[in-house]
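Report on the following structure.
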Amino acid sequence: TLGMTTEHRTRKISGPPAFRMIARRVLLVLWVSALATGMAEAASSTSCPDVCNCSNQASRVICTRRDLVDVPESISINTRYLNLQENVIQVIKTDTFKHLRHLEILQLSKNLIRKIEVGAFNGLPNLNTLELFDNRLTTVPTQAFEYLSKLRELWLRNNPIESIPSYAFNRVPSLRRLDLGELKKLEYISEAAFEGLVNLRYLNLGMCNLKDIPNLTALVRLEELELSGNRLEIIRPGSFQGLTSLRRLWLMHAQVAIIERNAFDDLKSLEELNLSHNNLMSLPHDLFTSLHRVERVHLNHNPWHCNCDVLWLSWWLKETVPNNTTCCARCHSPPNLKGRYIGELDQSHFTCYAPVIVEPPTDLNVTEGMAAELKCRTGTSMTSVNWLTPNGTLMTHGSYRVRISVLHDGTLNFTNVTVQDTGQYTCMVTNSAGNTTATATLNVTAADVTNSYSYFTTVTVETVETVVEEKPTLNDPGPTPAVNWETPHSTTSLMPRSTRSTEKTFTIPITDVTENIIDGLDDVMKTTKIIIGCFVAITFMAAVMLIVFYKLRKQHQLHKHHGPTRTIEIINVEDEIPATATATSGNPGDSHMTLPVIERDHLNHYATYKAHYNNNTGTLNCVKNPILNSVHEPLLFKSSSKENVQETQI
């Protein structure tokens, strides 16, 4: 097409033969240049480094096991798959892959990478998978993930990463699969480490030596969670809070020995649970009741102690997963049941008794706003403890309200009671043999207003004036007023034979606090008064000092104003100094100020001034003091320009 266009244009060229020849040569050069550029681009788009193997028109580049120290250059811009595994690359520099805008899969695993610079993955808008496992990274290269808007999979497994900071992956919210397994030196995971990963579906935290399950609340769409190979020991309620979409949970070889009541209540969508190869001997009653969608449960290779506490589990397995009853767990003790499948057990194998409440709840009287507890402890932690509130709400272990929660030992805890909490509470303890209940009453009284720390209140005072009909005598002092105070406890009233009552309302300061508090307030007031007095005194002293200083300064200025006057006569060199004087200076361009030759007129003028000044000074003898004599002499300055001359008056 380019050739046809050039030929078409050459046919239209008209004019002198020389002009036509030049135009044809120019067009020919342009055509050859464009052709060379196109060939170069085509070559670069299909080029392949010498140390790599390329296929599919250089869209697939494999450079494994080449002892590469750096990423090779001249990689085709059409590359979609780049494999750099099993080399000795240590640093990924900024803009290393900037020209590979079509790259989708980048494999950098099994190298010696210890540092990834900021912007190392710039220019990769289509990158889908990034593999960095089996390297020497000690930190998560958070800033290097900038602009990877389409990244779906990130593999960081088996790196000596020591901590995962807050918002470590918030720059890649598109992530769906995150592999952080085998981080054996991991010591700390921030509470906000996984913030921003709203699209994550798979998370691997296996073999990270975790002692507690980290905060995973932000992973609202997580479907698969790998926690195997850790040291969890205890799984508590709330460990999986927010994971309402989780479908698979793996906890194999996690050294789990205790699972507390209601630990799995948040996993409403769970389909598969693997608890095999742990140290579980029993499970709390009705632990799996909330798992309505579960299909597979793996409980094998645990030292199960088969007694009445596991009888509920046998029934649950038969009812919920009938196809999975003989593959799960075997009894490890007692000896007569060792080797038996838990799913095969029934009540005939045990002699079970209803649970016993060791510490039943007792009636409690509290004041509004206080904390309160109703205890209900059983002899074993494997029983189920529920509380029935006065309004009919059933609260189980792990259930949390705004102010009320059920603790691990079955205690019903109130952080801040209100009058509405008053009523009867029933503790229900259940196991495979039956249930036991205990009841207690919580009585909440309103807070006493008189005990509040209010310092002013309005009190109605009724003054009763006595009207005396008889004439008073010396022994009769006259009318006696009676004051009637109305209190919640008693009323004192003095009523003479004839009275006239008037009611007046006064605002009287009162303090409903103890005498110690009153004394403390008095001390505070005294201290405050002392501090204020000191401050006023210091301020007054500072003002006096400022006035004195101002007066002294004014007197000093007046004294200087009446002192001797020094007269400086400034001579314009250009007007009064002859040209010969300038020539004799030796440096025509010198701008330094020098004393010129004093002419006769200036001397006569100075003599007149000196005689007049000596007559006015009186006793001052300027001849005897050469310093004073020099003060009264006129100074003559020389300058090369008028701009450097300044008038000075002292």
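Residue numbering restarts at 1 in every chain; chains get A, B, ... in the order shown in the structure tokens, and ligands count up from 1 in that same order.
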Which residues of region 172-199 of chain A sit at most 9 Å from region 215-223 of chain A, using only C-alpha atoms? Give each one's shortest atom pair and distance in Å (one decimal place), in chain and ascending residue order, as a Markdown table.
| residue | atom | partner | partner_atom | distance |
| --- | --- | --- | --- | --- |
| A:Arg176 | CA | A:Leu222 | CA | 8.7 |
| A:Ile189 | CA | A:Asn215 | CA | 8.5 |
| A:Ser190 | CA | A:Asn215 | CA | 8.0 |
| A:Glu191 | CA | A:Asn215 | CA | 5.5 |
| A:Ala192 | CA | A:Asn215 | CA | 7.5 |
| A:Ala193 | CA | A:Asn215 | CA | 8.2 |
| A:Phe194 | CA | A:Ala218 | CA | 6.5 |
| A:Glu195 | CA | A:Ala218 | CA | 5.6 |
| A:Gly196 | CA | A:Ala218 | CA | 7.1 |
| A:Leu197 | CA | A:Leu219 | CA | 6.2 |
| A:Val198 | CA | A:Leu219 | CA | 5.7 |
| A:Asn199 | CA | A:Arg221 | CA | 6.0 |
Requested in this report: Using DSSP on the backbone coordinates, identify the residues of region 300-464 of chain A assigned to strand (DSSP E); present them as a PyMOL selection string.
Outcome: chain A and resi 304-305+331-333+357-359+364-367+372-374+377-378+384-388+394-396+404-406+412-414+423-431+434-445+456-464
Could you write those residues out with C-alpha atoms, as a CSV table (one decimal), in the first residue's frame?
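Listing of selection-v1.csv after writing:
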chain,number,residue,atom,x,y,z
A,304,TRP,CA,-11.3,-39.5,70.3
A,305,HIS,CA,-12.5,-40.4,73.7
A,331,CYS,CA,-12.5,-44.3,69.1
A,332,HIS,CA,-9.1,-44.1,70.7
A,333,SER,CA,-10.4,-44.8,74.2
A,357,ILE,CA,-25.0,-27.3,86.9
A,358,VAL,CA,-22.1,-26.9,89.3
A,359,GLU,CA,-22.6,-23.1,89.9
A,364,LEU,CA,-29.1,-10.3,91.5
A,365,ASN,CA,-30.1,-6.7,92.4
A,366,VAL,CA,-28.2,-4.0,90.6
A,367,THR,CA,-28.5,-0.3,89.8
A,372,ALA,CA,-23.7,-7.7,85.9
A,373,GLU,CA,-23.1,-11.4,85.6
A,374,LEU,CA,-25.4,-14.4,85.9
A,377,ARG,CA,-21.2,-23.3,85.1
A,378,THR,CA,-21.4,-27.0,84.3
A,384,SER,CA,-24.5,-26.9,75.5
A,385,VAL,CA,-25.4,-23.8,77.5
A,386,ASN,CA,-28.2,-21.6,76.4
A,387,TRP,CA,-30.0,-18.6,78.1
A,388,LEU,CA,-33.6,-17.7,77.7
A,394,LEU,CA,-32.6,-17.5,73.1
A,395,MET,CA,-28.9,-16.8,73.5
A,396,THR,CA,-26.2,-19.4,72.9
A,404,ILE,CA,-25.2,-8.9,76.5
A,405,SER,CA,-23.0,-11.9,75.7
A,406,VAL,CA,-22.6,-15.5,76.7
A,412,LEU,CA,-24.4,-14.4,80.9
A,413,ASN,CA,-22.6,-11.0,80.9
A,414,PHE,CA,-24.1,-7.6,81.0
A,423,GLY,CA,-36.9,-10.1,84.7
A,424,GLN,CA,-36.3,-13.8,85.0
A,425,TYR,CA,-33.4,-15.5,83.1
A,426,THR,CA,-33.3,-19.3,82.6
A,427,CYS,CA,-30.1,-21.2,82.0
A,428,MET,CA,-30.5,-24.4,80.0
A,429,VAL,CA,-27.7,-27.0,79.9
A,430,THR,CA,-28.0,-29.9,77.5
A,431,ASN,CA,-26.1,-33.1,76.6
A,434,GLY,CA,-31.1,-34.7,78.7
A,435,ASN,CA,-31.1,-31.1,79.9
A,436,THR,CA,-31.0,-29.2,83.2
A,437,THR,CA,-32.3,-25.7,83.8
A,438,ALA,CA,-31.8,-23.1,86.5
A,439,THR,CA,-33.5,-19.8,86.9
A,440,ALA,CA,-32.5,-16.4,88.4
A,441,THR,CA,-34.1,-13.0,88.6
A,442,LEU,CA,-32.3,-9.8,87.7
A,443,ASN,CA,-33.7,-6.8,89.4
A,444,VAL,CA,-32.5,-3.5,88.0
A,445,THR,CA,-33.4,-0.3,89.9
A,456,PHE,CA,-27.5,23.5,92.1
A,457,THR,CA,-31.1,22.5,92.5
A,458,THR,CA,-34.4,24.3,93.2
A,459,VAL,CA,-35.9,23.7,96.6
A,460,THR,CA,-39.3,24.9,97.7
A,461,VAL,CA,-39.2,26.5,101.1
A,462,GLU,CA,-42.4,27.1,103.0
A,463,THR,CA,-42.2,29.8,105.6
A,464,VAL,CA,-44.8,29.9,108.2
Report task. Among the residues of region 167-318 of chain A, find those DSSP assigns to helix (DSSP H, G or I) from the backbone and print them as an MDAnalysis selection string. Result -> chainID A and resid 308:318
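Summary of the local environment: counting only C-alpha atoms, residues at most 9 Å from Ile342 (chain A), other than itself and those fewer than 4 positions away along its chain, are A:Trp304, A:Cys306, A:Val310, A:Leu311, A:Leu313, A:Ser314, A:Leu317, A:Thr325, A:Thr326, A:Cys328, A:Ala329, A:Arg330, A:Cys331, A:Asp346.
Proximity of A:Val321, A:Leu103, A:Leu148, A:Leu210 to Ser228 (chain A), computed with only C-alpha atoms, is greatest for A:Leu210.
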Query raised in the report: When you draw a straight line from CA of Val88 (chain A) to CA of Arg114 (chain A), how long is it in Å?
Result: 10.7 Å
**Report entry** Selected residue of minimal separation from Val172 (chain A) among A:Arg152, A:Lys98, A:Arg80, A:His292, counting only C-alpha atoms
**Finding:**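 Nearest to Val172 (chain A): A:Arg152.
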Report task. May I have the residues within 7 Å of Arg101 (chain A) as a list in words, using only C-alpha atoms and disregarding those fewer than 5 positions away in the same chain? Result -> Gly123, Leu124, Pro125 and Asn126 of chain A
Query raised in the report: CA of His408 (chain A) to CA of Thr362 (chain A): how many Å, to one decimal?
Result: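 Going from CA of His408 (chain A) over to CA of Thr362 (chain A), I get 18.7 Å.
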Report summary line: Among A:His253, A:Arg177, A:Arg293, A:Lys150, Asn278 (chain A) is approached most closely, using only C-alpha atoms, by A:His253
Report task. Might you pull out every residue within 12 Å of region 58-73 of chain A, with only C-alpha atoms counted and same-chain residues fewer than 5 positions away left off, and present them as a ChimeraX atom specification? Result -> /A:42-53,78-113,120
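One distance worth recording is that between CA of Thr418 (chain A) and CA of Ala446 (chain A), which is 8.0 Å.
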Query raised in the report: Near Asn204 (chain A), counting only C-alpha atoms, which residues have an atom at most 7 Å away, once you skip same-chain residues fewer than 3 positions from it, shown as a list in words?
Result: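 Skipping anything fewer than 3 positions along the chain leaves Leu178, Asp179, Leu180, Gly181, Leu225, Glu226 and Leu227 of chain A.
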Query raised in the report: Using only C-alpha atoms, which of A:Leu407, A:Pro173, A:Thr320, A:Leu205 sits nearest Cys376 (chain A)?
Result: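 For Cys376 (chain A), the nearest of the given residues is A:Leu407.
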Query raised in the report: For Met252 (chain A), which of A:Leu291, A:Leu200, A:His301, A:Ser269 is the closest residue, counting only C-alpha atoms?
Result: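 Comparing A:Leu291, A:Leu200, A:His301, A:Ser269 against Met252 (chain A), the winner is A:His301.
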Report task. Go through A:Pro160, A:Pro214, A:Pro334, A:Gly206 one by one, measure the shortest atom-to-atom distance of each to Asn307 (chain A) using only C-alpha atoms, and give the residue with the smallest value. Result -> A:Pro334
